[in-house]
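Enquirer: Provided herewith: target.cif, mmCIF, C-alpha atoms; chains and numbers go by the auth columns.
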data_entry
#
loop_
_atom_site.group_PDB
_atom_site.id
_atom_site.type_symbol
_atom_site.label_atom_id
_atom_site.label_comp_id
_atom_site.label_asym_id
_atom_site.label_seq_id
_atom_site.Cartn_x
_atom_site.Cartn_y
_atom_site.Cartn_z
_atom_site.B_iso_or_equiv
_atom_site.auth_seq_id
_atom_site.auth_asym_id
ATOM 1 C CA MET A 1 53.587 -49.011 2.209 0.00 1 A
ATOM 2 C CA ASN A 2 54.355 -49.629 5.789 0.00 2 A
ATOM 3 C CA THR A 3 51.618 -48.967 8.368 0.00 3 A
ATOM 4 C CA ARG A 4 54.029 -46.894 10.444 0.00 4 A
ATOM 5 C CA VAL A 5 54.530 -44.513 7.548 0.00 5 A
ATOM 6 C CA LEU A 6 50.740 -44.188 7.095 0.00 6 A
ATOM 7 C CA ILE A 7 50.233 -43.483 10.807 0.00 7 A
ATOM 8 C CA VAL A 8 52.984 -40.835 10.841 0.00 8 A
ATOM 9 C CA LEU A 9 51.544 -39.274 7.674 0.00 9 A
ATOM 10 C CA ALA A 10 48.043 -39.197 9.243 0.00 10 A
ATOM 11 C CA LEU A 11 49.432 -37.536 12.403 0.00 11 A
ATOM 12 C CA ILE A 12 51.248 -34.887 10.353 0.00 12 A
ATOM 13 C CA ILE A 13 48.049 -34.110 8.391 0.00 13 A
ATOM 14 C CA ALA A 14 46.043 -33.935 11.639 0.00 14 A
ATOM 15 C CA ALA A 15 48.613 -31.551 13.170 0.00 15 A
ATOM 16 C CA ILE A 16 48.544 -29.290 10.093 0.00 16 A
ATOM 17 C CA ALA A 17 44.716 -29.293 10.079 0.00 17 A
ATOM 18 C CA GLY A 18 44.634 -28.481 13.816 0.00 18 A
ATOM 19 C CA TRP A 19 47.111 -25.620 13.347 0.00 19 A
ATOM 20 C CA PHE A 20 45.078 -24.276 10.377 0.00 20 A
ATOM 21 C CA PHE A 21 41.787 -24.245 12.307 0.00 21 A
ATOM 22 C CA GLN A 22 43.495 -22.676 15.344 0.00 22 A
ATOM 23 C CA GLN A 23 44.753 -19.805 13.164 0.00 23 A
ATOM 24 C CA GLN A 24 41.222 -19.041 11.884 0.00 24 A
ATOM 25 C CA GLY A 25 40.293 -17.255 15.089 0.00 25 A
ATOM 26 C CA GLU A 26 37.296 -17.551 17.266 0.00 26 A
ATOM 27 C CA ILE A 27 33.957 -18.630 15.855 0.00 27 A
ATOM 28 C CA ALA A 28 31.236 -16.003 16.115 0.00 28 A
ATOM 29 C CA PRO A 29 28.534 -16.753 18.679 0.00 29 A
ATOM 30 C CA PRO A 30 25.555 -18.620 17.267 0.00 30 A
ATOM 31 C CA VAL A 31 22.659 -16.573 15.924 0.00 31 A
ATOM 32 C CA SER A 32 19.759 -16.486 18.333 0.00 32 A
ATOM 33 C CA ILE A 33 16.331 -16.574 16.737 0.00 33 A
ATOM 34 C CA GLY A 34 13.610 -14.904 18.766 0.00 34 A
ATOM 35 C CA ALA A 35 9.869 -15.057 18.456 0.00 35 A
ATOM 36 C CA SER A 36 8.589 -13.403 15.280 0.00 36 A
ATOM 37 C CA ASP A 37 5.881 -10.754 15.094 0.00 37 A
ATOM 38 C CA VAL A 38 4.744 -12.314 11.809 0.00 38 A
ATOM 39 C CA ASP A 39 2.069 -15.015 11.754 0.00 39 A
ATOM 40 C CA TYR A 40 2.288 -15.676 8.012 0.00 40 A
ATOM 41 C CA GLU A 41 3.882 -14.042 4.978 0.00 41 A
ATOM 42 C CA ALA A 42 3.240 -14.186 1.217 0.00 42 A
ATOM 43 C CA THR A 43 4.246 -12.434 -2.003 0.00 43 A
ATOM 44 C CA ASP A 44 2.410 -11.592 -5.262 0.00 44 A
ATOM 45 C CA ILE A 45 -0.993 -11.367 -3.579 0.00 45 A
ATOM 46 C CA LYS A 46 -4.275 -11.360 -5.481 0.00 46 A
ATOM 47 C CA ALA A 47 -7.301 -11.293 -3.165 0.00 47 A
ATOM 48 C CA VAL A 48 -11.046 -10.732 -3.520 0.00 48 A
ATOM 49 C CA GLN A 49 -13.319 -9.568 -0.689 0.00 49 A
ATOM 50 C CA THR A 50 -17.047 -10.211 -0.993 0.00 50 A
ATOM 51 C CA ASN A 51 -19.963 -8.773 0.973 0.00 51 A
ATOM 52 C CA GLU A 52 -22.704 -10.736 2.779 0.00 52 A
ATOM 53 C CA GLN A 53 -24.620 -11.238 -0.495 0.00 53 A
ATOM 54 C CA GLY A 54 -21.567 -12.693 -2.234 0.00 54 A
ATOM 55 C CA ASP A 55 -20.994 -9.670 -4.476 0.00 55 A
ATOM 56 C CA THR A 56 -17.397 -8.569 -5.021 0.00 56 A
ATOM 57 C CA GLU A 57 -16.631 -5.618 -2.772 0.00 57 A
ATOM 58 C CA TYR A 58 -12.973 -5.138 -3.654 0.00 58 A
ATOM 59 C CA GLU A 59 -10.083 -6.813 -5.436 0.00 59 A
ATOM 60 C CA LEU A 60 -6.617 -6.362 -4.011 0.00 60 A
ATOM 61 C CA ASN A 61 -3.184 -6.912 -5.548 0.00 61 A
ATOM 62 C CA ALA A 62 -0.031 -6.524 -3.456 0.00 62 A
ATOM 63 C CA GLU A 63 3.662 -7.250 -3.857 0.00 63 A
ATOM 64 C CA SER A 64 3.917 -8.743 -0.356 0.00 64 A
ATOM 65 C CA LEU A 65 1.738 -9.412 2.685 0.00 65 A
ATOM 66 C CA THR A 66 2.551 -10.200 6.299 0.00 66 A
ATOM 67 C CA HIS A 67 0.024 -10.853 9.059 0.00 67 A
ATOM 68 C CA ASN A 68 0.898 -9.459 12.469 0.00 68 A
ATOM 69 C CA PRO A 69 -0.929 -11.509 15.160 0.00 69 A
ATOM 70 C CA VAL A 70 -0.232 -8.879 17.842 0.00 70 A
ATOM 71 C CA THR A 71 -2.151 -6.123 16.002 0.00 71 A
ATOM 72 C CA ASN A 72 -4.293 -8.555 13.922 0.00 72 A
ATOM 73 C CA GLN A 73 -3.474 -6.549 10.793 0.00 73 A
ATOM 74 C CA ASP A 74 -2.489 -7.536 7.293 0.00 74 A
ATOM 75 C CA GLU A 75 0.487 -5.346 6.353 0.00 75 A
ATOM 76 C CA MET A 76 1.100 -5.041 2.609 0.00 76 A
ATOM 77 C CA SER A 77 3.426 -3.230 0.261 0.00 77 A
ATOM 78 C CA GLY A 78 2.866 -2.094 -3.321 0.00 78 A
ATOM 79 C CA ILE A 79 -0.919 -2.339 -3.307 0.00 79 A
ATOM 80 C CA THR A 80 -3.534 -1.736 -5.980 0.00 80 A
ATOM 81 C CA MET A 81 -7.158 -1.989 -4.900 0.00 81 A
ATOM 82 C CA ASN A 82 -10.250 -1.941 -7.128 0.00 82 A
ATOM 83 C CA TRP A 83 -13.106 -1.069 -4.767 0.00 83 A
ATOM 84 C CA GLU A 84 -16.843 -1.080 -5.573 0.00 84 A
ATOM 85 C CA PRO A 85 -18.583 0.212 -2.444 0.00 85 A
ATOM 86 C CA SER A 86 -21.952 0.582 -4.238 0.00 86 A
ATOM 87 C CA ASP A 87 -23.616 -0.153 -7.554 0.00 87 A
ATOM 88 C CA GLU A 88 -22.890 3.400 -8.754 0.00 88 A
ATOM 89 C CA GLN A 89 -19.363 3.929 -7.435 0.00 89 A
ATOM 90 C CA ARG A 90 -16.040 2.316 -8.382 0.00 90 A
ATOM 91 C CA TYR A 91 -12.556 3.381 -7.240 0.00 91 A
ATOM 92 C CA ARG A 92 -8.969 2.442 -7.916 0.00 92 A
ATOM 93 C CA ILE A 93 -6.585 2.943 -4.995 0.00 93 A
ATOM 94 C CA GLN A 94 -2.804 2.629 -5.179 0.00 94 A
ATOM 95 C CA ALA A 95 -0.360 3.024 -2.292 0.00 95 A
ATOM 96 C CA GLY A 96 3.198 2.230 -1.251 0.00 96 A
ATOM 97 C CA SER A 97 2.057 0.280 1.814 0.00 97 A
ATOM 98 C CA ALA A 98 -1.160 -0.548 3.636 0.00 98 A
ATOM 99 C CA ALA A 99 -2.384 -2.044 6.897 0.00 99 A
ATOM 100 C CA ILE A 100 -5.870 -3.599 6.971 0.00 100 A
ATOM 101 C CA ASN A 101 -7.695 -5.217 9.873 0.00 101 A
ATOM 102 C CA GLN A 102 -10.076 -7.741 8.276 0.00 102 A
ATOM 103 C CA GLN A 103 -12.373 -7.949 11.338 0.00 103 A
ATOM 104 C CA THR A 104 -12.927 -4.215 11.902 0.00 104 A
ATOM 105 C CA GLY A 105 -12.291 -3.023 8.331 0.00 105 A
ATOM 106 C CA GLU A 106 -9.786 -0.373 9.490 0.00 106 A
ATOM 107 C CA LEU A 107 -7.536 0.688 6.629 0.00 107 A
ATOM 108 C CA ARG A 108 -4.356 2.799 6.651 0.00 108 A
ATOM 109 C CA LEU A 109 -2.493 3.620 3.429 0.00 109 A
ATOM 110 C CA SER A 110 0.939 5.244 3.591 0.00 110 A
ATOM 111 C CA GLY A 111 3.963 5.864 1.422 0.00 111 A
ATOM 112 C CA GLY A 112 1.904 7.971 -0.972 0.00 112 A
ATOM 113 C CA PHE A 113 -1.571 7.121 -2.266 0.00 113 A
ATOM 114 C CA THR A 114 -3.768 7.729 -5.291 0.00 114 A
ATOM 115 C CA LEU A 115 -7.561 7.466 -5.053 0.00 115 A
ATOM 116 C CA ALA A 116 -9.286 7.674 -8.436 0.00 116 A
ATOM 117 C CA SER A 117 -12.982 7.280 -9.185 0.00 117 A
ATOM 118 C CA GLU A 118 -13.938 5.330 -12.277 0.00 118 A
ATOM 119 C CA GLU A 119 -17.105 5.601 -14.291 0.00 119 A
ATOM 120 C CA LYS A 120 -19.311 2.522 -14.041 0.00 120 A
ATOM 121 C CA THR A 121 -21.724 3.720 -16.711 0.00 121 A
ATOM 122 C CA ALA A 122 -21.289 5.985 -19.686 0.00 122 A
ATOM 123 C CA ALA A 123 -24.646 7.658 -18.907 0.00 123 A
ATOM 124 C CA THR A 124 -23.097 10.044 -16.356 0.00 124 A
ATOM 125 C CA ASP A 125 -21.359 13.177 -17.512 0.00 125 A
ATOM 126 C CA ILE A 126 -19.477 13.661 -14.227 0.00 126 A
ATOM 127 C CA GLU A 127 -15.705 13.730 -14.680 0.00 127 A
ATOM 128 C CA PRO A 128 -13.763 11.175 -12.611 0.00 128 A
ATOM 129 C CA ILE A 129 -11.977 12.609 -9.572 0.00 129 A
ATOM 130 C CA LYS A 130 -8.391 11.808 -8.595 0.00 130 A
ATOM 131 C CA VAL A 131 -6.987 12.506 -5.112 0.00 131 A
ATOM 132 C CA THR A 132 -3.291 12.086 -4.247 0.00 132 A
ATOM 133 C CA GLY A 133 -1.513 12.474 -0.925 0.00 133 A
ATOM 134 C CA GLN A 134 0.787 10.812 1.613 0.00 134 A
ATOM 135 C CA THR A 135 -1.546 8.935 3.996 0.00 135 A
ATOM 136 C CA LEU A 136 -5.163 7.836 3.762 0.00 136 A
ATOM 137 C CA LYS A 137 -7.196 6.240 6.542 0.00 137 A
ATOM 138 C CA GLY A 138 -10.619 4.719 6.430 0.00 138 A
ATOM 139 C CA ASN A 139 -12.865 1.751 6.958 0.00 139 A
ATOM 140 C CA THR A 140 -13.874 -0.778 4.313 0.00 140 A
ATOM 141 C CA LYS A 141 -17.077 -1.625 6.197 0.00 141 A
ATOM 142 C CA SER A 142 -18.356 1.963 6.577 0.00 142 A
ATOM 143 C CA ARG A 143 -16.939 2.819 3.115 0.00 143 A
ATOM 144 C CA GLN A 144 -15.507 6.108 4.317 0.00 144 A
ATOM 145 C CA VAL A 145 -11.954 7.422 3.957 0.00 145 A
ATOM 146 C CA TYR A 146 -10.168 10.522 5.216 0.00 146 A
ATOM 147 C CA SER A 147 -6.800 12.224 5.219 0.00 147 A
ATOM 148 C CA ASP A 148 -5.657 14.802 7.762 0.00 148 A
ATOM 149 C CA GLU A 149 -2.697 15.697 5.553 0.00 149 A
ATOM 150 C CA PRO A 150 -2.592 17.871 2.403 0.00 150 A
ATOM 151 C CA VAL A 151 -4.047 16.324 -0.743 0.00 151 A
ATOM 152 C CA LYS A 152 -4.064 17.287 -4.433 0.00 152 A
ATOM 153 C CA VAL A 153 -7.312 16.936 -6.331 0.00 153 A
ATOM 154 C CA GLU A 154 -7.884 16.692 -10.092 0.00 154 A
ATOM 155 C CA GLN A 155 -11.226 16.521 -11.871 0.00 155 A
ATOM 156 C CA GLY A 156 -11.141 17.129 -15.587 0.00 156 A
ATOM 157 C CA MET A 157 -9.369 20.453 -16.148 0.00 157 A
ATOM 158 C CA ASN A 158 -9.928 21.537 -12.526 0.00 158 A
ATOM 159 C CA ARG A 159 -7.098 21.202 -10.004 0.00 159 A
ATOM 160 C CA PHE A 160 -6.761 22.325 -6.414 0.00 160 A
ATOM 161 C CA GLN A 161 -5.064 21.505 -3.128 0.00 161 A
ATOM 162 C CA ALA A 162 -6.693 20.986 0.256 0.00 162 A
ATOM 163 C CA SER A 163 -5.359 20.605 3.787 0.00 163 A
ATOM 164 C CA SER A 164 -7.621 17.606 4.510 0.00 164 A
ATOM 165 C CA MET A 165 -10.265 15.395 2.954 0.00 165 A
ATOM 166 C CA LYS A 166 -13.203 13.205 3.952 0.00 166 A
ATOM 167 C CA ALA A 167 -15.088 11.024 1.498 0.00 167 A
ATOM 168 C CA ASN A 168 -18.064 8.695 1.584 0.00 168 A
ATOM 169 C CA LEU A 169 -17.137 6.327 -1.239 0.00 169 A
ATOM 170 C CA GLU A 170 -20.558 4.665 -1.233 0.00 170 A
ATOM 171 C CA THR A 171 -22.310 7.909 -2.208 0.00 171 A
ATOM 172 C CA GLY A 172 -19.365 9.639 -3.933 0.00 172 A
ATOM 173 C CA GLU A 173 -19.535 12.690 -1.641 0.00 173 A
ATOM 174 C CA TYR A 174 -16.312 14.524 -0.752 0.00 174 A
ATOM 175 C CA GLU A 175 -15.444 17.217 1.791 0.00 175 A
ATOM 176 C CA PHE A 176 -12.229 19.228 1.540 0.00 176 A
ATOM 177 C CA GLY A 177 -10.706 21.510 4.181 0.00 177 A
ATOM 178 C CA GLN A 178 -8.910 24.798 3.425 0.00 178 A
ATOM 179 C CA VAL A 179 -9.003 24.606 -0.357 0.00 179 A
ATOM 180 C CA ALA A 180 -6.316 26.492 -2.288 0.00 180 A
ATOM 181 C CA VAL A 181 -7.014 27.180 -5.959 0.00 181 A
ATOM 182 C CA SER A 182 -4.813 28.850 -8.566 0.00 182 A
ATOM 183 C CA PHE A 183 -6.947 30.762 -11.036 0.00 183 A
ATOM 184 C CA THR A 184 -5.468 32.097 -14.240 0.00 184 A
ATOM 185 C CA PRO A 185 -8.007 34.226 -16.115 0.00 185 A
ATOM 186 C CA ALA A 186 -7.931 34.526 -19.872 0.00 186 A
ATOM 187 C CA GLU A 187 -5.641 37.229 -21.234 0.00 187 A
ATOM 188 C CA ARG A 188 -7.424 40.568 -21.568 0.00 188 A
ATOM 189 C CA LYS A 189 -7.832 41.896 -25.076 0.00 189 A
ATOM 190 C CA ASP A 190 -9.227 45.403 -25.437 0.00 190 A
ATOM 191 C CA LYS A 191 -11.346 45.947 -28.533 0.00 191 A
ATOM 192 C CA ALA A 192 -13.032 49.063 -29.765 0.00 192 A
ATOM 193 C CA LEU A 193 -16.778 48.928 -29.368 0.00 193 A
ATOM 194 C CA PHE A 194 -17.491 51.144 -32.420 0.00 194 A
#
Just give me the structure as structure tokens.

Expert:
Amino acid sequence: MNTRVLIVLALIIAAIAGWFFQQQGEIAPPVSIGASDVDYEATDIKAVQTNEQGDTEYELNAESLTHNPVTNQDEMSGITMNWEPSDEQRYRIQAGSAAINQQTGELRLSGGFTLASEEKTAATDIEPIKVTGQTLKGNTKSRQVYSDEPVKVEQGMNRFQASSMKANLETGEYEFGQVAVSFTPAERKDKALF
């Protein structure tokens, strides 16, 4: 082939390519990336917290974790926490999301929570207690939790609702505010005495 034909062919292709790109319209402005509020991020978390003596205090599983350096909190979603605040007490906590400050121990569970006591020994005849609600706040260092919102409580066959709750998980003591109980007595059956 002649070089003139190749040059003309190259110019025609360049003109068609230029026309094609001109018809595509304007390119969107570039994406600007700002500073992130996240220090680090992870998924499928399995963590263990120990006390000063090296004993396991709680085990934590979460679907995802992000650390916010502004608030110094670990923000998690889909958490399950096995907490042993004392030798006698063990709890299982589940929640939609949680925020924990590792330095202060402040804990905030939201998106619905379940707090259930578990028997550590078979020697006790106390039924495990299960508390459910929307938000639960507390402190892992003081081992106390509370909810200012309505909670539902189950213990064996007993069930009631309360407007608020406070609990010392180390001792297993609970306080409930404005308790509402539904009581259904047994059906009355009249019998002749003689």

Enquirer: Evaluate the PyMOL selection byres ((chain A and resi 66-74) around 9) and record the selected residues as an MDAnalysis selection string, following the chain and residue labels used in the document.

Expert: chainID A and resid 37:43 64:65 75:76 98:103 106

Enquirer: Evaluated on this file, the PyMOL selection byres ((chain A and resi 164-175) around 9) picks out some residues - which ones are they, written as a ChimeraX atom specification?

Expert: /A:84-91,117,142-151,161-163,176-179

Enquirer: Just to be explicit: take each residue in the selection above, keep C-alpha atoms, and write the result as an mmCIF file, in the coordinates of the input.

Expert:
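Output (selection37.cif):
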data_model
loop_
_atom_site.group_PDB
_atom_site.id
_atom_site.type_symbol
_atom_site.label_atom_id
_atom_site.label_comp_id
_atom_site.auth_asym_id
_atom_site.auth_seq_id
_atom_site.Cartn_x
_atom_site.Cartn_y
_atom_site.Cartn_z
ATOM 1 C CA GLU A 84 -16.843 -1.080 -5.573
ATOM 2 C CA PRO A 85 -18.583 0.212 -2.444
ATOM 3 C CA SER A 86 -21.952 0.582 -4.238
ATOM 4 C CA ASP A 87 -23.616 -0.153 -7.554
ATOM 5 C CA GLU A 88 -22.890 3.400 -8.754
ATOM 6 C CA GLN A 89 -19.363 3.929 -7.435
ATOM 7 C CA ARG A 90 -16.040 2.316 -8.382
ATOM 8 C CA TYR A 91 -12.556 3.381 -7.240
ATOM 9 C CA SER A 117 -12.982 7.280 -9.185
ATOM 10 C CA SER A 142 -18.356 1.963 6.577
ATOM 11 C CA ARG A 143 -16.939 2.819 3.115
ATOM 12 C CA GLN A 144 -15.507 6.108 4.317
ATOM 13 C CA VAL A 145 -11.954 7.422 3.957
ATOM 14 C CA TYR A 146 -10.168 10.522 5.216
ATOM 15 C CA SER A 147 -6.800 12.224 5.219
ATOM 16 C CA ASP A 148 -5.657 14.802 7.762
ATOM 17 C CA GLU A 149 -2.697 15.697 5.553
ATOM 18 C CA PRO A 150 -2.592 17.871 2.403
ATOM 19 C CA VAL A 151 -4.047 16.324 -0.743
ATOM 20 C CA GLN A 161 -5.064 21.505 -3.128
ATOM 21 C CA ALA A 162 -6.693 20.986 0.256
ATOM 22 C CA SER A 163 -5.359 20.605 3.787
ATOM 23 C CA PHE A 176 -12.229 19.228 1.540
ATOM 24 C CA GLY A 177 -10.706 21.510 4.181
ATOM 25 C CA GLN A 178 -8.910 24.798 3.425
ATOM 26 C CA VAL A 179 -9.003 24.606 -0.357
#

Enquirer: Please, what distance in Å, to one decimal, runs between atom CA of Thr104 of chain A and atom CA of Thr140 of chain A?

Expert: 8.4 Å

Enquirer: If we count all atoms listed in the file, what is near Gln94 of chain A at a cut-off of 7 Å, once residues fewer than 4 positions away on the same chain are taken out, given as a list in words?

Expert: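 That gives Ile79, Thr80, Met81, Phe113, Thr114 and Leu115 of chain A.
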
Enquirer: Return the single residue from A:Phe160, A:Asn51, A:Ile12, A:Arg4 that is closest to Val181 of chain A, with distances computed using all atoms listed in the file.

Expert: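 Comparing A:Phe160, A:Asn51, A:Ile12, A:Arg4 against Val181 of chain A, the winner is A:Phe160.
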
Enquirer: When you draw a straight line from atom CA of Glu52 of chain A to atom CA of Thr135 of chain A, how long is it in Å?

Expert: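 A separation of 28.9 Å between them.
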
Enquirer: To one decimal place in Å, what is the distance between atom CA of Asp44 of chain A and atom CA of Glu63 of chain A?

Expert: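 Taking atom CA of Asp44 of chain A and atom CA of Glu63 of chain A, their separation equals 4.7 Å.
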
Enquirer: Taking into account only C-alpha atoms, which residue in the set A:Thr50, A:Asn139, A:Glu187, A:Thr132 is nearest to Glu154 of chain A?

Expert: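 Smallest separation from Glu154 of chain A among the options: A:Thr132.
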
Enquirer: Choose the residue, out of A:Asn2, A:Glu59, A:Gln22, A:Asn158, that has the smallest atom-to-atom separation from Glu127 of chain A; count all atoms listed in the file.

Expert: A:Asn158
